[in-house]
Amino acid sequence: MKNRVAGALAVSLAILLAAAGCAARPQPADPTADNWQHAAQSALDDALRTTGIPGGAITVTHDDVTWTGVSGVADVASGRPVTPDDRFSFRSITKSFTVTAILQLVDEGRLSLDDPVAKYVDGVPDGDRITLRELARMRSGLPNYSATPAFQDALRIDLTRDWTDAEILQTAFSEPNDFAPDARYEYSNTNTVLLGEVLQKVTGMPWYEVVQESILTPRGLSTTTYPDSEPIPSPLAEPYQGGGEGQSPELLPAIPANSLSAAGGLAGTIRDLGRWARILGSGELLSDATAEQRTAAASLSPTTDDPNSPFYDAYGMGMGEIDGWIGHTGNGLGYQALAMYDPATGDSVAIVINGTGDDHDAPAHLFQKLLPALG
């Protein structure tokens, strides 16, 4: 999640590692690889080197060829290298799963995007005026819970405490709304936690079970899980705060997924994320009409209204746009990720790294450096 304050807090709470040899180790180039594969590996290696983040992985599908590269270490203390089987938190990419599940219910006729959220969740300020569409498009005006004083104060006391969705939402509802519904764009994690509550109200199942049943199991995304209050399953890429080029990273406490919930709680492997980039971008889980509505220009808001927004040219319904590609990114407390798809070519890129730092959009910047090689 995009939260500079929580990121700074995590640094202060982390234990500085003094282990030698913690810098990312580039993968040797494959002399038989195509130029775009060399470019992808080089972009990943360079990103880890300049940020001081220990490790990461990238998977690219280009001209119907899928290639995966890794770099650096999953665990600084042991020196264990990253592998394609390591699990990383997807952070805010979770939003794209949650909103997709909402849109599937739209296709089934079980709800409408123009329904007010008050129809499903009690106690939402302006809930009789805020629609599900506005929640999905980040245009509700509800404060971002993870930036509220109440949430930040709780993190200062115990970064690893468990949260219920009701507790999360109360931290946001205790603050005045930032603006009237649909007045402008502002990225808020509160929106997607609320959509998770809507999923439960309509289906009778927790949001993550809905995602499991309607997305993960049917599409064979078998490593993607919601750990809730449990650790991310092994093998795990440990979370770190990168100190910059040549600096030792700091190991961060593992925050529970339930502090992020439907806005950022999923985790999995680079291969699953690569598959999700293609599933999400192609719209294959939705009707043609709903998929087209999701990516239509009318659904995409410029992100210039919000200086704290993640790096997107525009943002729509649980999906952002960067240089004509569509998908989602994620950032927060030791992990960053990206899943993007090019509708014009069918190419896709997914990136995971086990660290945060001064560059809150490192995967997006890595992605942009790769684009020229993909033509």
# chains A, B, ... in the order shown; residues from 1 in each chain; ligands from 1
$ residues_around --residues "A:Asp305" --least-positions-apart "6" --cutoff "10 Å" --atoms "only C-alpha atoms" --output "PDB file with N, CA, C and O atoms, in the first residue's frame"
ATOM      1  N   ARG A 184     -13.550  14.134  -7.057  1.00  0.00           N
ATOM      2  CA  ARG A 184     -12.222  13.985  -7.645  1.00  0.00           C
ATOM      3  C   ARG A 184     -11.658  12.616  -7.294  1.00  0.00           C
ATOM      4  O   ARG A 184     -12.308  11.818  -6.613  1.00  0.00           O
ATOM      5  N   TYR A 185     -10.460  12.356  -7.784  1.00  0.00           N
ATOM      6  CA  TYR A 185      -9.747  11.102  -7.508  1.00  0.00           C
ATOM      7  C   TYR A 185      -8.862  11.267  -6.277  1.00  0.00           C
ATOM      8  O   TYR A 185      -8.153  12.268  -6.140  1.00  0.00           O
ATOM      9  N   GLU A 186      -8.905  10.285  -5.393  1.00  0.00           N
ATOM     10  CA  GLU A 186      -7.962  10.205  -4.283  1.00  0.00           C
ATOM     11  C   GLU A 186      -7.827   8.725  -3.884  1.00  0.00           C
ATOM     12  O   GLU A 186      -8.802   8.079  -3.513  1.00  0.00           O
ATOM     13  N   TYR A 187      -6.608   8.236  -3.976  1.00  0.00           N
ATOM     14  CA  TYR A 187      -6.346   6.816  -3.704  1.00  0.00           C
ATOM     15  C   TYR A 187      -6.528   6.555  -2.213  1.00  0.00           C
ATOM     16  O   TYR A 187      -5.862   7.160  -1.371  1.00  0.00           O
TER      17      TYR A 187
END
$ residues_around --residues "A:Asp64" --least-positions-apart "6" --cutoff "10 Å" --atoms "only C-alpha atoms" --output "number ranges by chain"
A: 345-348
$ residues_around --residues "A:Ile168" --least-positions-apart "2" --cutoff "9 Å" --atoms "only C-alpha atoms" --output "list in words"
Tyr145, Ser146, Phe151, Trp163, Thr164, Asp165, Ala166, Gln170, Thr171, Ala172, Thr190, Val193, Ser259, Leu260 and Ser261 of chain A
$ residues_around --residues "A:Pro363" --least-positions-apart "5" --cutoff "10 Å" --atoms "only C-alpha atoms" --output "MDAnalysis selection string"
chainID A and resid 43:44 47 58 311 329:331 336:339 350:353 368:369
$ select_by_dssp --residues "stretch 257-335 of chain A" --states "strand (DSSP E)" --output "list in words"
Ala267, Gly268, Ser301, Pro302, Ala314, Tyr315, Gly320, Glu321, Ile322, Trp325, Ile326, Gly327, His328, Thr329, Gly330, Asn331, Gly332 and Tyr335 of chain A
$ residues_around --residues "A:Val198" --least-positions-apart "4" --cutoff "7 Å" --atoms "only C-alpha atoms" --output "PyMOL selection string"
chain A and resi 120-121+194+202
$ atom_distance --atom1 "atom CA of A:His328" --atom2 "atom CA of A:Gly204"
27.2 Å
$ atom_distance --atom1 "atom CA of A:Pro206" --atom2 "atom CA of A:Asn258"
11.9 Å
$ select_by_dssp --residues "stretch 228-289 of chain A" --states "alpha helix (DSSP H)" --output "number ranges by chain"
A: 270-282, 288-289
$ write_last_selection --atoms "N, CA, C and O atoms" --output "compact mmCIF listing (two decimals), in the first residue's frame"
# COMPACT_ATOMS: atom_id res chain seq x y z
N ILE A 270 5.85 -15.12 -8.23
CA ILE A 270 5.96 -14.33 -9.45
C ILE A 270 5.21 -14.98 -10.60
O ILE A 270 4.61 -14.29 -11.44
N ARG A 271 5.20 -16.30 -10.65
CA ARG A 271 4.51 -16.97 -11.76
C ARG A 271 3.00 -16.76 -11.67
O ARG A 271 2.34 -16.51 -12.69
N ASP A 272 2.44 -16.85 -10.47
CA ASP A 272 1.02 -16.55 -10.32
C ASP A 272 0.72 -15.11 -10.69
O ASP A 272 -0.28 -14.81 -11.33
N LEU A 273 1.59 -14.20 -10.29
CA LEU A 273 1.35 -12.79 -10.58
C LEU A 273 1.43 -12.52 -12.08
O LEU A 273 0.66 -11.71 -12.61
N GLY A 274 2.35 -13.20 -12.76
CA GLY A 274 2.42 -13.06 -14.20
C GLY A 274 1.15 -13.53 -14.88
O GLY A 274 0.66 -12.91 -15.83
N ARG A 275 0.62 -14.64 -14.39
CA ARG A 275 -0.64 -15.14 -14.96
C ARG A 275 -1.78 -14.18 -14.65
O ARG A 275 -2.64 -13.94 -15.50
N TRP A 276 -1.77 -13.61 -13.44
CA TRP A 276 -2.83 -12.66 -13.09
C TRP A 276 -2.76 -11.41 -13.95
O TRP A 276 -3.81 -10.85 -14.33
N ALA A 277 -1.58 -10.95 -14.30
CA ALA A 277 -1.46 -9.77 -15.17
C ALA A 277 -2.22 -10.01 -16.48
O ALA A 277 -2.91 -9.10 -16.98
N ARG A 278 -2.10 -11.20 -17.03
CA ARG A 278 -2.78 -11.51 -18.30
C ARG A 278 -4.28 -11.70 -18.10
O ARG A 278 -5.09 -11.24 -18.92
N ILE A 279 -4.67 -12.37 -17.01
CA ILE A 279 -6.10 -12.58 -16.72
C ILE A 279 -6.79 -11.25 -16.49
O ILE A 279 -7.87 -10.97 -17.04
N LEU A 280 -6.18 -10.41 -15.66
CA LEU A 280 -6.75 -9.11 -15.33
C LEU A 280 -6.85 -8.22 -16.56
O LEU A 280 -7.91 -7.66 -16.87
N GLY A 281 -5.75 -8.09 -17.28
CA GLY A 281 -5.72 -7.18 -18.41
C GLY A 281 -6.60 -7.59 -19.57
O GLY A 281 -7.19 -6.74 -20.24
N SER A 282 -6.72 -8.89 -19.80
CA SER A 282 -7.54 -9.38 -20.91
C SER A 282 -9.02 -9.33 -20.60
O SER A 282 -9.85 -9.40 -21.52
N ASP A 288 -18.01 -9.28 -21.84
CA ASP A 288 -17.38 -8.29 -22.72
C ASP A 288 -17.80 -6.88 -22.34
O ASP A 288 -16.96 -5.96 -22.31
N ALA A 289 -19.07 -6.69 -22.03
CA ALA A 289 -19.57 -5.36 -21.72
C ALA A 289 -18.93 -4.81 -20.44
O ALA A 289 -18.54 -3.64 -20.38
$ closest_residue --among "A:Gln247, A:Gln41, A:Gln104, A:Thr50" --to "A:Val70" --atoms "only C-alpha atoms"
A:Gln41
$ closest_residue --among "A:Gly268, A:Pro125, A:Gly375, A:Pro149" --to "A:Leu221" --atoms "only C-alpha atoms"
A:Gly268
$ closest_residue --among "A:Glu175, A:Asp359, A:Asp182, A:Asp34" --to "A:Ala136" --atoms "only C-alpha atoms"
A:Asp182
$ residues_around --residues "A:Asp162" --least-positions-apart "5" --cutoff "12 Å" --atoms "only C-alpha atoms" --output "PyMOL selection string"
chain A and resi 154-155+167-168+227-231+254-261
$ closest_residue --among "A:Asp85, A:Glu250, A:Glu292, A:Asp122" --to "A:Gly56" --atoms "only C-alpha atoms"
A:Asp85
$ atom_distance --atom1 "atom CA of A:Thr83" --atom2 "atom CA of A:Thr225"
18.1 Å
$ closest_residue --among "A:Pro176, A:Gly243, A:Ser92, A:Ser287" --to "A:Ser309" --atoms "only C-alpha atoms"
A:Ser92
$ residues_around --residues "stretch 209-216 of chain A" --least-positions-apart "4" --cutoff "10 Å" --atoms "only C-alpha atoms" --output "VMD selection string"
chain A and resid 94 97 to 102 104 to 105 196 199 to 200 203 to 205 220 to 226 262 272 276 279 285
$ write_last_selection --atoms "N, CA and C atoms" --output "JSON list (two decimals), in the first residue's frame"
[["chain", "number", "residue", "atom", "x", "y", "z"],
["A", 94, "THR", "N", -3.79, -6.64, -4.63],
["A", 94, "THR", "CA", -4.98, -7.28, -4.08],
["A", 94, "THR", "C", -6.25, -6.55, -4.51],
["A", 97, "PHE", "N", -7.95, -7.90, -7.57],
["A", 97, "PHE", "CA", -8.72, -9.14, -7.34],
["A", 97, "PHE", "C", -10.08, -8.81, -6.73],
["A", 98, "THR", "N", -10.07, -7.94, -5.70],
["A", 98, "THR", "CA", -11.31, -7.60, -5.01],
["A", 98, "THR", "C", -12.32, -6.96, -5.95],
["A", 99, "VAL", "N", -11.87, -6.00, -6.74],
["A", 99, "VAL", "CA", -12.78, -5.32, -7.65],
["A", 99, "VAL", "C", -13.24, -6.26, -8.77],
["A", 100, "THR", "N", -12.37, -7.15, -9.22],
["A", 100, "THR", "CA", -12.80, -8.13, -10.22],
["A", 100, "THR", "C", -13.93, -8.99, -9.67],
["A", 101, "ALA", "N", -13.82, -9.40, -8.41],
["A", 101, "ALA", "CA", -14.89, -10.20, -7.79],
["A", 101, "ALA", "C", -16.19, -9.41, -7.70],
["A", 102, "ILE", "N", -16.09, -8.10, -7.41],
["A", 102, "ILE", "CA", -17.28, -7.25, -7.42],
["A", 102, "ILE", "C", -17.90, -7.21, -8.81],
["A", 104, "GLN", "N", -17.69, -9.41, -11.16],
["A", 104, "GLN", "CA", -18.31, -10.69, -11.46],
["A", 104, "GLN", "C", -19.74, -10.74, -10.90],
["A", 105, "LEU", "N", -19.93, -10.18, -9.70],
["A", 105, "LEU", "CA", -21.28, -10.13, -9.13],
["A", 105, "LEU", "C", -22.19, -9.21, -9.93],
["A", 196, "GLY", "N", -14.65, -5.22, 0.03],
["A", 196, "GLY", "CA", -14.55, -6.56, 0.62],
["A", 196, "GLY", "C", -15.73, -6.87, 1.52],
["A", 199, "LEU", "N", -18.68, -7.70, -0.68],
["A", 199, "LEU", "CA", -18.62, -9.09, -1.13],
["A", 199, "LEU", "C", -19.18, -10.04, -0.09],
["A", 200, "GLN", "N", -18.82, -9.80, 1.17],
["A", 200, "GLN", "CA", -19.31, -10.69, 2.23],
["A", 200, "GLN", "C", -20.82, -10.55, 2.41],
["A", 203, "THR", "N", -22.56, -12.35, -0.70],
["A", 203, "THR", "CA", -22.33, -13.78, -0.88],
["A", 203, "THR", "C", -22.44, -14.59, 0.40],
["A", 204, "GLY", "N", -22.31, -13.93, 1.56],
["A", 204, "GLY", "CA", -22.30, -14.67, 2.82],
["A", 204, "GLY", "C", -20.95, -15.27, 3.14],
["A", 205, "MET", "N", -19.93, -14.98, 2.33],
["A", 205, "MET", "CA", -18.58, -15.50, 2.55],
["A", 205, "MET", "C", -17.61, -14.34, 2.72],
["A", 220, "GLY", "N", -6.36, -21.57, -11.47],
["A", 220, "GLY", "CA", -5.17, -22.33, -11.09],
["A", 220, "GLY", "C", -4.07, -21.49, -10.46],
["A", 221, "LEU", "N", -4.44, -20.39, -9.79],
["A", 221, "LEU", "CA", -3.44, -19.55, -9.11],
["A", 221, "LEU", "C", -3.21, -20.14, -7.72],
["A", 222, "SER", "N", -2.55, -21.27, -7.70],
["A", 222, "SER", "CA", -2.52, -22.11, -6.50],
["A", 222, "SER", "C", -1.61, -21.60, -5.40],
["A", 223, "THR", "N", -0.67, -20.71, -5.72],
["A", 223, "THR", "CA", 0.22, -20.21, -4.67],
["A", 223, "THR", "C", -0.29, -18.91, -4.06],
["A", 224, "THR", "N", -1.33, -18.34, -4.64],
["A", 224, "THR", "CA", -1.85, -17.06, -4.15],
["A", 224, "THR", "C", -2.80, -17.30, -2.98],
["A", 225, "THR", "N", -2.51, -16.68, -1.85],
["A", 225, "THR", "CA", -3.26, -16.94, -0.63],
["A", 225, "THR", "C", -3.49, -15.64, 0.14],
["A", 226, "TYR", "N", -4.46, -15.71, 1.05],
["A", 226, "TYR", "CA", -4.67, -14.65, 2.02],
["A", 226, "TYR", "C", -4.28, -15.21, 3.38],
["A", 262, "ALA", "N", -8.83, -6.60, 2.21],
["A", 262, "ALA", "CA", -9.14, -6.67, 0.77],
["A", 262, "ALA", "C", -8.41, -5.62, -0.04],
["A", 272, "ASP", "N", 2.44, -16.85, -10.47],
["A", 272, "ASP", "CA", 1.02, -16.55, -10.32],
["A", 272, "ASP", "C", 0.72, -15.11, -10.69],
["A", 276, "TRP", "N", -1.77, -13.61, -13.44],
["A", 276, "TRP", "CA", -2.83, -12.66, -13.09],
["A", 276, "TRP", "C", -2.76, -11.41, -13.95],
["A", 279, "ILE", "N", -4.67, -12.37, -17.01],
["A", 279, "ILE", "CA", -6.10, -12.58, -16.72],
["A", 279, "ILE", "C", -6.79, -11.25, -16.49],
["A", 285, "LEU", "N", -12.30, -12.86, -17.16],
["A", 285, "LEU", "CA", -13.22, -13.30, -16.12],
["A", 285, "LEU", "C", -14.54, -12.55, -16.13]]
